[in-house]
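This is coords-v8.txt (compact mmCIF, C-alpha atoms and all ligand atoms).
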```txt
# COMPACT_ATOMS: atom_id res chain seq x y z
CA MET A 25 -173.33 30.50 -125.33
CA THR A 26 -176.00 28.21 -123.93
CA TYR A 27 -176.30 30.47 -120.93
CA ARG A 28 -176.83 33.44 -123.23
CA MET A 29 -179.42 31.53 -125.25
CA LEU A 30 -181.24 30.65 -122.06
CA LEU A 31 -181.25 34.27 -121.01
CA THR A 32 -182.52 35.31 -124.41
CA LEU A 33 -185.28 32.75 -124.10
CA ALA A 34 -186.06 33.94 -120.61
CA ALA A 35 -186.26 37.51 -121.86
CA VAL A 36 -188.68 36.47 -124.58
CA VAL A 37 -190.86 34.47 -122.23
CA ALA A 38 -190.88 36.88 -119.32
CA VAL A 39 -191.21 40.12 -121.33
CA PRO A 40 -190.06 42.55 -118.67
CA ALA A 41 -192.45 45.47 -118.63
CA SER A 42 -189.90 48.21 -119.09
CA ALA A 43 -190.58 51.78 -120.09
CA GLN A 44 -188.88 51.12 -123.41
CA ASP A 45 -191.30 48.39 -124.48
CA VAL A 46 -193.50 49.63 -127.28
CA ARG A 47 -196.44 48.16 -129.05
CA SER A 48 -197.88 48.68 -132.48
CA GLY A 49 -200.91 46.54 -133.19
CA SER A 50 -199.89 42.97 -132.46
CA LEU A 51 -196.18 43.80 -132.64
CA THR A 52 -194.16 44.45 -129.48
CA VAL A 53 -190.58 45.66 -129.31
CA THR A 54 -188.91 44.91 -125.98
CA SER A 55 -185.54 45.33 -124.25
CA PRO A 56 -183.96 47.71 -126.75
CA TRP A 57 -180.36 48.38 -125.77
CA SER A 58 -176.96 49.42 -126.97
CA ARG A 59 -173.40 49.73 -125.76
CA ALA A 60 -171.38 52.79 -124.93
CA THR A 61 -168.99 53.69 -127.73
CA ALA A 62 -165.46 55.05 -127.67
CA PRO A 63 -164.95 58.85 -127.74
CA ARG A 64 -163.87 58.74 -131.40
CA ALA A 65 -166.18 55.94 -132.50
CA THR A 66 -168.45 56.42 -135.49
CA VAL A 67 -170.41 53.19 -135.18
CA GLY A 68 -172.56 51.58 -132.54
CA ALA A 69 -174.75 48.51 -132.21
CA GLY A 70 -178.40 48.11 -131.28
CA PHE A 71 -180.17 45.06 -129.91
CA LEU A 72 -183.82 44.32 -129.19
CA THR A 73 -186.55 41.71 -129.24
CA ILE A 74 -189.53 41.85 -131.58
CA ARG A 75 -192.63 39.81 -130.76
CA ASN A 76 -195.19 39.26 -133.44
CA GLY A 77 -198.59 38.32 -132.00
CA ASP A 78 -200.21 38.36 -135.41
CA ALA A 79 -201.20 35.37 -137.54
CA GLN A 80 -199.07 36.71 -140.39
CA ALA A 81 -195.32 37.21 -140.59
CA ASP A 82 -193.93 40.72 -140.47
CA ARG A 83 -190.56 42.05 -141.45
CA LEU A 84 -188.26 44.72 -140.05
CA VAL A 85 -187.40 46.55 -143.26
CA SER A 86 -185.34 49.55 -142.25
CA VAL A 87 -184.31 51.66 -139.28
CA THR A 88 -183.44 55.30 -138.70
CA SER A 89 -182.07 57.24 -135.75
CA PRO A 90 -181.52 60.96 -135.25
CA ARG A 91 -178.18 60.03 -133.65
CA ALA A 92 -176.74 58.32 -136.73
CA GLU A 93 -176.34 59.16 -140.40
CA ARG A 94 -177.85 55.79 -141.16
CA VAL A 95 -178.82 52.56 -139.47
CA GLU A 96 -178.32 49.21 -141.12
CA ILE A 97 -179.59 45.78 -140.17
CA HIS A 98 -176.65 43.39 -139.94
CA ALA A 99 -176.08 39.70 -139.52
CA MET A 100 -173.04 38.45 -137.69
CA SER A 101 -171.72 34.94 -137.89
CA MET A 102 -168.87 33.07 -136.29
CA LYS A 103 -167.48 30.14 -138.21
CA ASN A 104 -164.21 28.37 -137.43
CA GLY A 105 -163.32 31.24 -135.16
CA VAL A 106 -163.78 33.86 -137.90
CA MET A 107 -166.24 36.72 -137.35
CA ARG A 108 -168.17 37.97 -140.37
CA MET A 109 -170.66 40.82 -140.50
CA ARG A 110 -172.96 41.51 -143.44
CA PRO A 111 -175.89 43.86 -144.09
CA LEU A 112 -179.24 42.08 -144.37
CA ALA A 113 -180.65 43.56 -147.58
CA ASN A 114 -184.11 42.16 -146.85
CA GLY A 115 -184.15 42.99 -143.18
CA VAL A 116 -185.32 40.56 -140.50
CA THR A 117 -188.48 38.46 -140.72
CA VAL A 118 -190.59 37.92 -137.60
CA PRO A 119 -192.69 34.79 -138.04
CA PRO A 120 -196.31 34.82 -136.83
CA GLN A 121 -196.79 34.22 -133.09
CA ARG A 122 -193.05 34.26 -132.60
CA ALA A 123 -190.30 36.50 -131.28
CA THR A 124 -187.04 37.42 -132.96
CA THR A 125 -184.14 38.72 -130.94
CA LEU A 126 -181.37 40.90 -132.26
CA ALA A 127 -178.57 40.08 -129.82
CA PRO A 128 -174.79 40.08 -129.49
CA GLY A 129 -173.21 37.40 -131.62
CA GLY A 130 -176.01 37.56 -134.17
CA ASN A 131 -178.29 40.00 -135.94
CA HIS A 132 -177.99 43.60 -134.79
CA LEU A 133 -178.76 47.15 -135.72
CA MET A 134 -175.67 49.01 -136.83
CA LEU A 135 -175.70 52.75 -136.20
CA MET A 136 -173.27 54.27 -138.65
CA GLY A 137 -171.98 57.81 -138.80
CA LEU A 138 -172.69 58.54 -135.13
CA LYS A 139 -173.00 62.26 -134.53
CA ALA A 140 -171.69 61.83 -130.98
CA PRO A 141 -170.52 58.83 -128.98
CA LEU A 142 -173.15 56.80 -127.14
CA LYS A 143 -172.77 57.20 -123.39
CA ALA A 144 -173.71 54.61 -120.79
CA GLY A 145 -177.08 55.43 -119.26
CA GLU A 146 -178.44 57.51 -122.10
CA ARG A 147 -181.30 56.63 -124.41
CA VAL A 148 -180.99 56.58 -128.17
CA PRO A 149 -184.18 56.91 -130.19
CA VAL A 150 -184.59 54.57 -133.15
CA THR A 151 -187.52 54.24 -135.52
CA LEU A 152 -188.14 50.79 -136.91
CA ARG A 153 -190.09 50.38 -140.13
CA PHE A 154 -192.03 47.12 -140.44
CA ALA A 155 -193.56 45.86 -143.67
CA ARG A 156 -196.97 45.41 -142.02
CA ALA A 157 -196.95 47.12 -138.65
CA GLY A 158 -195.45 50.32 -140.03
CA LEU A 159 -193.32 52.64 -137.91
CA VAL A 160 -192.39 51.83 -134.33
CA THR A 161 -190.22 54.23 -132.36
CA THR A 162 -188.33 53.07 -129.30
CA GLN A 163 -185.24 54.01 -127.33
CA LEU A 164 -182.06 51.98 -126.99
CA VAL A 165 -180.85 52.03 -123.39
CA VAL A 166 -177.08 52.37 -123.51
CA GLY A 167 -175.10 49.99 -121.28
CA SER A 168 -171.35 49.71 -120.72
CA ALA A 169 -168.93 49.21 -123.62
CA GLY A 170 -168.61 45.49 -123.08
CA ALA A 171 -172.16 44.82 -121.91
CA ALA A 172 -173.39 41.40 -122.98
CA ALA A 173 -177.02 42.00 -122.12
CA PRO A 174 -179.38 44.92 -121.49
CA MET A 175 -179.03 46.75 -118.20
CA GLY A 176 -181.10 45.21 -115.46
CA SER A 177 -180.37 41.64 -116.52
CA HIS A 178 -177.49 40.02 -114.71
CA GLU A 179 -175.36 38.43 -117.35
CA GLY A 180 -171.70 39.35 -117.44
CA HIS A 181 -171.58 41.38 -114.24
CA HIS A 182 -171.11 39.42 -111.07
CA MET B 5 -144.16 16.39 -160.53
CA THR B 6 -142.06 13.47 -159.30
CA GLY B 7 -141.08 13.07 -155.68
CA HIS B 8 -137.48 13.74 -156.58
CA ARG B 9 -138.22 17.03 -158.34
CA MET B 10 -140.52 18.05 -155.52
CA ARG B 11 -137.77 17.50 -152.98
CA ARG B 12 -135.33 19.49 -155.05
CA ALA B 13 -137.84 22.32 -155.42
CA SER B 14 -138.46 22.54 -151.69
CA LEU B 15 -134.76 22.31 -150.92
CA SER B 16 -134.03 25.23 -153.19
CA ALA B 17 -136.91 27.12 -151.58
CA LEU B 18 -135.32 26.53 -148.20
CA ALA B 19 -131.95 27.63 -149.55
CA ALA B 20 -133.59 30.79 -150.90
CA ALA B 21 -135.25 31.42 -147.55
CA GLY B 22 -131.89 31.03 -145.85
CA LEU B 23 -130.30 33.42 -148.29
CA ILE B 24 -133.02 36.01 -147.78
CA ALA B 25 -132.66 35.64 -144.02
CA ALA B 26 -128.90 36.09 -144.29
CA MET B 27 -129.37 39.14 -146.51
CA ALA B 28 -131.87 40.62 -144.09
CA GLY B 29 -129.26 40.26 -141.37
CA CYS B 30 -131.28 37.92 -139.18
CA SER B 31 -129.37 36.52 -136.23
CA GLY B 32 -130.44 32.93 -136.86
CA GLY B 33 -128.53 30.91 -139.46
CA PRO B 34 -130.26 29.31 -142.46
CA GLY B 35 -130.80 26.10 -140.48
CA GLU B 36 -132.67 27.92 -137.73
CA GLN B 37 -134.74 29.85 -140.26
CA ALA B 38 -135.75 26.63 -142.00
CA ALA B 39 -136.74 25.13 -138.66
CA ALA B 40 -138.80 28.22 -137.82
CA ALA B 41 -140.53 28.04 -141.19
CA THR B 42 -141.75 24.52 -140.48
CA GLN B 43 -142.99 25.35 -136.96
CA ALA B 44 -146.69 24.68 -136.55
CA GLY B 45 -147.65 27.44 -134.12
CA PRO B 46 -148.48 31.03 -134.96
CA GLY B 47 -146.02 33.78 -134.13
CA GLY B 48 -142.80 35.33 -135.29
CA PRO B 49 -141.30 38.72 -135.91
CA PHE B 50 -143.43 41.80 -136.51
CA ARG B 51 -142.87 45.52 -136.52
CA LEU B 52 -145.82 47.71 -135.54
CA PHE B 53 -146.36 50.91 -133.60
CA ASP B 54 -148.35 51.59 -130.45
CA THR B 55 -150.84 54.35 -129.58
CA ASN B 56 -147.93 56.69 -128.80
CA GLY B 57 -146.36 56.02 -132.15
CA ALA B 58 -143.49 54.02 -130.63
CA THR B 59 -142.22 50.99 -132.52
CA VAL B 60 -143.19 47.66 -130.97
CA THR B 61 -141.80 44.31 -132.09
CA GLU B 62 -142.07 40.78 -130.74
CA GLN B 63 -138.85 41.61 -128.85
CA THR B 64 -140.53 44.53 -127.06
CA LEU B 65 -143.21 42.19 -125.71
CA LYS B 66 -140.77 39.63 -124.35
CA GLY B 67 -140.50 39.33 -120.58
CA LYS B 68 -144.19 38.87 -119.81
CA PRO B 69 -146.76 36.49 -121.28
CA TYR B 70 -149.36 38.19 -123.43
CA ALA B 71 -152.82 37.73 -124.80
CA MET B 72 -153.14 39.07 -128.34
CA PHE B 73 -156.33 39.88 -130.22
CA PHE B 74 -156.69 41.06 -133.79
CA GLY B 75 -159.64 43.30 -134.62
CA PHE B 76 -160.73 46.78 -135.67
CA THR B 77 -162.25 49.66 -133.76
CA ARG B 78 -165.41 49.86 -135.87
CA CYS B 79 -166.22 46.24 -135.03
CA PRO B 80 -169.37 46.71 -132.95
CA ASP B 81 -169.69 43.40 -131.21
CA VAL B 82 -166.92 40.81 -131.05
CA CYS B 83 -164.06 43.27 -130.53
CA PRO B 84 -165.52 45.27 -127.64
CA THR B 85 -166.93 42.09 -126.08
CA THR B 86 -163.56 40.38 -126.25
CA MET B 87 -161.58 43.33 -124.92
CA SER B 88 -164.14 43.78 -122.16
CA LYS B 89 -163.75 40.11 -121.25
CA MET B 90 -159.97 40.54 -121.20
CA ALA B 91 -160.35 43.52 -118.88
CA LEU B 92 -162.55 41.43 -116.60
CA LEU B 93 -160.03 38.55 -116.60
CA HIS B 94 -157.28 41.06 -115.86
CA LYS B 95 -159.18 42.10 -112.74
CA ARG B 96 -159.77 38.51 -111.69
CA LEU B 97 -156.02 37.84 -111.90
CA GLY B 98 -155.54 40.14 -108.91
CA ALA B 99 -151.86 40.47 -108.01
CA ASP B 100 -150.93 38.45 -111.11
CA ALA B 101 -152.58 40.94 -113.44
CA GLU B 102 -149.48 43.07 -113.91
CA LYS B 103 -147.47 39.98 -114.81
CA MET B 104 -149.04 39.77 -118.24
CA ASN B 105 -149.94 42.08 -121.12
CA ILE B 106 -153.08 42.46 -123.18
CA VAL B 107 -152.39 43.38 -126.79
CA PHE B 108 -154.92 44.60 -129.35
CA VAL B 109 -153.76 44.68 -132.97
CA SER B 110 -155.92 46.72 -135.33
CA VAL B 111 -156.02 45.15 -138.78
CA ASP B 112 -157.76 48.23 -140.23
CA PRO B 113 -154.91 50.69 -140.87
CA GLU B 114 -157.06 52.41 -143.49
CA HIS B 115 -159.37 53.74 -140.77
CA ASP B 116 -157.72 53.09 -137.41
CA LYS B 117 -155.11 55.70 -136.60
CA LYS B 118 -153.29 55.45 -133.29
CA GLU B 119 -155.78 57.93 -131.79
CA ASP B 120 -158.73 55.71 -132.77
CA ILE B 121 -157.10 52.71 -131.16
CA ALA B 122 -156.34 54.67 -127.98
CA SER B 123 -159.94 55.89 -127.94
CA PHE B 124 -161.26 52.34 -128.40
CA LEU B 125 -159.07 50.88 -125.66
CA SER B 126 -159.96 53.69 -123.25
CA MET B 127 -163.37 52.01 -122.95
CA PHE B 128 -161.94 49.08 -121.06
CA ASP B 129 -160.85 49.13 -117.46
CA ALA B 130 -157.42 47.53 -117.83
CA PRO B 131 -154.07 48.58 -119.28
CA MET B 132 -153.86 47.44 -122.90
CA ILE B 133 -151.27 47.77 -125.62
CA GLY B 134 -152.84 48.94 -128.89
CA LEU B 135 -150.88 48.27 -132.04
CA THR B 136 -151.18 48.74 -135.77
CA GLY B 137 -148.87 49.24 -138.72
CA SER B 138 -148.64 49.38 -142.48
CA GLN B 139 -150.95 47.18 -144.52
CA ALA B 140 -147.94 45.20 -145.75
CA GLU B 141 -146.66 44.61 -142.24
CA LEU B 142 -150.12 43.61 -140.98
CA ASP B 143 -150.61 41.23 -143.93
CA LYS B 144 -147.30 39.59 -143.14
CA MET B 145 -148.17 39.32 -139.47
CA ALA B 146 -151.65 37.90 -140.11
CA ALA B 147 -150.10 35.16 -142.22
CA ALA B 148 -147.40 34.35 -139.66
CA TYR B 149 -149.89 34.45 -136.79
CA LYS B 150 -152.40 32.36 -138.75
CA VAL B 151 -155.06 34.99 -138.34
CA TYR B 152 -157.70 35.33 -141.03
CA VAL B 153 -158.26 38.93 -142.13
CA GLU B 154 -160.27 40.00 -145.14
CA ARG B 155 -161.43 43.48 -146.09
CA VAL B 156 -164.94 43.13 -147.51
CA PRO B 157 -166.50 46.03 -149.47
CA LEU B 158 -170.13 46.74 -148.54
CA PRO B 159 -172.94 47.89 -150.85
CA ASN B 160 -173.00 51.29 -149.07
CA GLY B 161 -169.46 52.01 -150.28
CA ASP B 162 -167.94 51.32 -146.88
CA TYR B 163 -166.22 48.09 -145.90
CA THR B 164 -166.08 45.64 -143.05
CA ILE B 165 -163.34 43.26 -142.00
CA ASP B 166 -163.87 39.55 -141.54
CA HIS B 167 -161.36 38.43 -138.96
CA THR B 168 -160.35 35.68 -136.58
CA ALA B 169 -161.97 36.33 -133.25
CA ARG B 170 -159.88 34.06 -131.05
CA ILE B 171 -157.35 35.29 -128.53
CA LEU B 172 -153.77 34.08 -129.00
CA LEU B 173 -151.77 33.42 -125.85
CA PHE B 174 -147.98 33.70 -125.84
CA ASP B 175 -145.50 32.87 -123.08
CA ARG B 176 -142.91 35.33 -121.77
CA GLU B 177 -140.48 34.25 -124.48
CA GLY B 178 -143.01 35.16 -127.15
CA GLN B 179 -143.64 31.50 -127.96
CA PHE B 180 -147.21 30.67 -128.88
CA ALA B 181 -148.96 28.77 -126.08
CA GLU B 182 -152.59 28.31 -127.10
CA ARG B 183 -155.75 29.91 -128.45
CA MET B 184 -158.53 31.07 -126.19
CA ASP B 185 -162.14 31.76 -126.99
CA ALA B 186 -163.59 34.98 -125.57
CA ALA B 187 -166.68 33.00 -124.55
CA GLU B 188 -164.61 30.70 -122.36
CA PRO B 189 -166.02 30.55 -118.82
CA GLU B 190 -164.31 33.05 -116.54
CA GLY B 191 -162.85 30.52 -114.08
CA ARG B 192 -161.25 28.41 -116.77
CA ALA B 193 -159.90 31.44 -118.59
CA VAL B 194 -158.33 32.80 -115.39
CA ALA B 195 -156.77 29.37 -114.67
CA ARG B 196 -155.29 29.32 -118.17
CA LEU B 197 -153.77 32.78 -117.78
CA LYS B 198 -152.39 31.90 -114.35
CA ARG B 199 -150.75 28.79 -115.81
CA LEU B 200 -149.11 30.97 -118.42
CA ILE B 201 -147.98 33.52 -115.84
CA HIS B 202 -146.52 30.92 -113.50
CA ALA B 203 -145.02 28.67 -116.16
CU CU A 301 -172.73 45.42 -137.85
```

Translate the structure of the given file into structure tokens.
Amino acid sequence: MTYRMLLTLAAVVAVPASAQDVRSGSLTVTSPWSRATAPRATVGAGFLTIRNGDAQADRLVSVTSPRAERVEIHAMSMKNGVMRMRPLANGVTVPPQRATTLAPGGNHLMLMGLKAPLKAGERVPVTLRFARAGLVTTQLVVGSAGAAAPMGSHEGHH
Amino acid sequence: MTGHRMRRASLSALAAAGLIAAMAGCSGGPGEQAAAATQAGPGGPFRLFDTNGATVTEQTLKGKPYAMFFGFTRCPDVCPTTMSKMALLHKRLGADAEKMNIVFVSVDPEHDKKEDIASFLSMFDAPMIGLTGSQAELDKMAAAYKVYVERVPLPNGDYTIDHTARILLFDREGQFAERMDAAEPEGRAVARLKRLIHA
């Protein structure tokens, strides 16, 4: 867990300049990724980091993707060994001058009603709607089914 | 309620349990059943089916130790992460890998048909036994295996399932050994599995 948190921190600090990083005003979305889904799967997850360089907070309000019937913003928690997942009705707030990461074990995008399974190596477009920054479109890079981090980082695969 | 009445109540409950066991044709006598009922560890009889539709019980699994995980195929994070970790551990076991089984029990019979479970498990690079059964059977098993499972309706009309995300380890006799966290460091997890295999 600590290792993962460190990696998340590192990702936030280093901001790898990948082709998927997109900027809208003072908002930057980096390292968007997903996991391959099973042939018959109808749901998939999406993870990314949002940096808010503005002096005011912003909020990820809703998400859409041409690959899914709908995309929800979910929270996941683990308490006493029990996993719970709930939709975040008010989305995710990004405080001013801060970054928020949607990552395994926590908040995530939930692609529901997938029109086709997500395959490792492909890119899945998603459009994020922010309360202040407006629409930001990026592409989730699909990793393996059990990937714990975006492709290119080294966690989980030795 | 006085202590005396309490004792009488629990004694008659035990007698009833023994009677039910006898009626159900269990091999163990009432005494054995009562002892099993007071056992602390998770486990016990179950009757599910695998991805081929074949019946699988706790007897079927005997002979090799097994790691058992309860989840559902539409679980986007913990379930695939855990099964992927199990596949990785399976690889790390090398020659010992075939001496144990990995079992995934879907607790979402409403959605997960045997084909969905087969599809889900096909994502992971290790042989895995996928099981599910009737809601009643799964409820019974969750209670006996001390696994928390709750179907939670969502505002969108769909539902999700809150569930225990720890792996249960059983020895080759089907006796519960210990719980394992999917986040456990690889080396320690492999050592644990090897202990179970060579016990
Ligand atoms: Cu979710």

Pick the closest to chain A from B:Thr168, B:Thr86, B:Thr59, B:Thr77: which is it, counting all atoms listed in the file? B:Thr168

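Atom pair CA of Ala71 in chain B / CA of Ala169 in chain A has a distance of 19.8 Å (rounded to one decimal).
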
Residues of chain A within 9 Å of ligand CU 301 (chain A): nearest atom pair and distance (Å, one decimal) for each, counting all atoms listed in the file, sorted by chain and number, as a tab-separated table?
```
residue	atom	partner	partner_atom	distance
A:Val67	CA	A:CU301	CU	8.5
A:Gly68	CA	A:CU301	CU	8.1
A:Ala69	CA	A:CU301	CU	6.7
A:Glu96	CA	A:CU301	CU	7.5
A:Ile97	CA	A:CU301	CU	7.3
A:His98	CA	A:CU301	CU	4.9
A:Ala99	CA	A:CU301	CU	6.8
A:Met100	CA	A:CU301	CU	7.0
A:Met109	CA	A:CU301	CU	5.7
A:Arg110	CA	A:CU301	CU	6.8
A:Pro111	CA	A:CU301	CU	7.2
A:Asn131	CA	A:CU301	CU	8.0
A:His132	CA	A:CU301	CU	6.4
A:Leu133	CA	A:CU301	CU	6.6
A:Met134	CA	A:CU301	CU	4.8
A:Leu135	CA	A:CU301	CU	8.1
A:Met136	CA	A:CU301	CU	8.9
```

Could you work out how far CA of Lys118 in chain B lies from CA of Val148 in chain A, giving the answer in Å with one decimal? 28.2 Å

Dump as a tab-separated table the rows for residues of chain A within 6 Å of chain B: closest atom pair and distance in Å with one decimal, only C-alpha atoms counted, ordered by chain and rising residue number.
```
residue	atom	partner	partner_atom	distance
A:Ala62	CA	B:Phe124	CA	5.1
A:Pro63	CA	B:Ser123	CA	5.8
A:Arg64	CA	B:Ser123	CA	6.0
A:Gly68	CA	B:Pro80	CA	5.8
A:Ala69	CA	B:Pro80	CA	5.7
A:Gly105	CA	B:Thr168	CA	5.5
A:Val106	CA	B:Thr168	CA	4.1
A:Met107	CA	B:His167	CA	5.4
A:Arg108	CA	B:Asp166	CA	4.7
A:Gly170	CA	B:Thr85	CA	4.8
```

Around the point (-196.8, 44.4, -128.5), in the coordinates given by the file, pick out the residues reaching within 10 Å, counting all atoms listed in the file, and return them as a PyMOL selection string. chain A and resi 45-54+74-78

Quick one: residues within 10 Å of range 161-163 of chain A, only C-alpha atoms, excluding same-chain residues fewer than 4 positions away - as a ChimeraX atom specification? /A:43-48,53-58,70,72,87-89,146-153

N, CA, C and O atoms of range 148-160 of chain A, written as a tab-separated table (two decimals), in the first residue's frame:
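What follows is the written file part-v4.tsv:
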```tsv
chain	number	residue	atom	x	y	z
A	148	VAL	N	-8.95	4.17	-25.05
A	148	VAL	CA	-10.38	4.38	-24.90
A	148	VAL	C	-10.66	5.85	-24.61
A	148	VAL	O	-10.27	6.37	-23.56
A	149	PRO	N	-11.32	6.53	-25.55
A	149	PRO	CA	-11.58	7.95	-25.32
A	149	PRO	C	-12.59	8.17	-24.20
A	149	PRO	O	-13.58	7.44	-24.11
A	150	VAL	N	-12.32	9.15	-23.36
A	150	VAL	CA	-13.28	9.57	-22.34
A	150	VAL	C	-13.31	11.10	-22.32
A	150	VAL	O	-12.28	11.74	-22.52
A	151	THR	N	-14.50	11.64	-22.12
A	151	THR	CA	-14.61	13.09	-21.99
A	151	THR	C	-15.04	13.42	-20.57
A	151	THR	O	-16.07	12.94	-20.09
A	152	LEU	N	-14.19	14.20	-19.91
A	152	LEU	CA	-14.45	14.59	-18.53
A	152	LEU	C	-15.08	15.98	-18.52
A	152	LEU	O	-14.61	16.87	-19.21
A	153	ARG	N	-16.14	16.12	-17.74
A	153	ARG	CA	-16.74	17.45	-17.61
A	153	ARG	C	-16.41	18.02	-16.24
A	153	ARG	O	-16.75	17.43	-15.21
A	154	PHE	N	-15.72	19.16	-16.24
A	154	PHE	CA	-15.37	19.83	-14.99
A	154	PHE	C	-16.29	21.02	-14.77
A	154	PHE	O	-16.72	21.68	-15.74
A	155	ALA	N	-16.57	21.33	-13.51
A	155	ALA	CA	-17.46	22.44	-13.18
A	155	ALA	C	-16.90	23.75	-13.72
A	155	ALA	O	-17.66	24.58	-14.25
A	156	ARG	N	-15.60	23.95	-13.64
A	156	ARG	CA	-15.01	25.22	-14.09
A	156	ARG	C	-14.25	25.07	-15.40
A	156	ARG	O	-14.41	25.90	-16.30
A	157	ALA	N	-13.46	24.06	-15.53
A	157	ALA	CA	-12.61	23.94	-16.72
A	157	ALA	C	-13.38	23.43	-17.94
A	157	ALA	O	-12.86	23.45	-19.06
A	158	GLY	N	-14.60	22.96	-17.74
A	158	GLY	CA	-15.39	22.48	-18.87
A	158	GLY	C	-14.98	21.09	-19.33
A	158	GLY	O	-14.58	20.26	-18.51
A	159	LEU	N	-15.06	20.85	-20.64
A	159	LEU	CA	-14.83	19.51	-21.16
A	159	LEU	C	-13.36	19.25	-21.44
A	159	LEU	O	-12.68	20.08	-22.03
A	160	VAL	N	-12.89	18.09	-21.02
A	160	VAL	CA	-11.53	17.67	-21.31
A	160	VAL	C	-11.60	16.24	-21.85
A	160	VAL	O	-12.12	15.35	-21.18
```
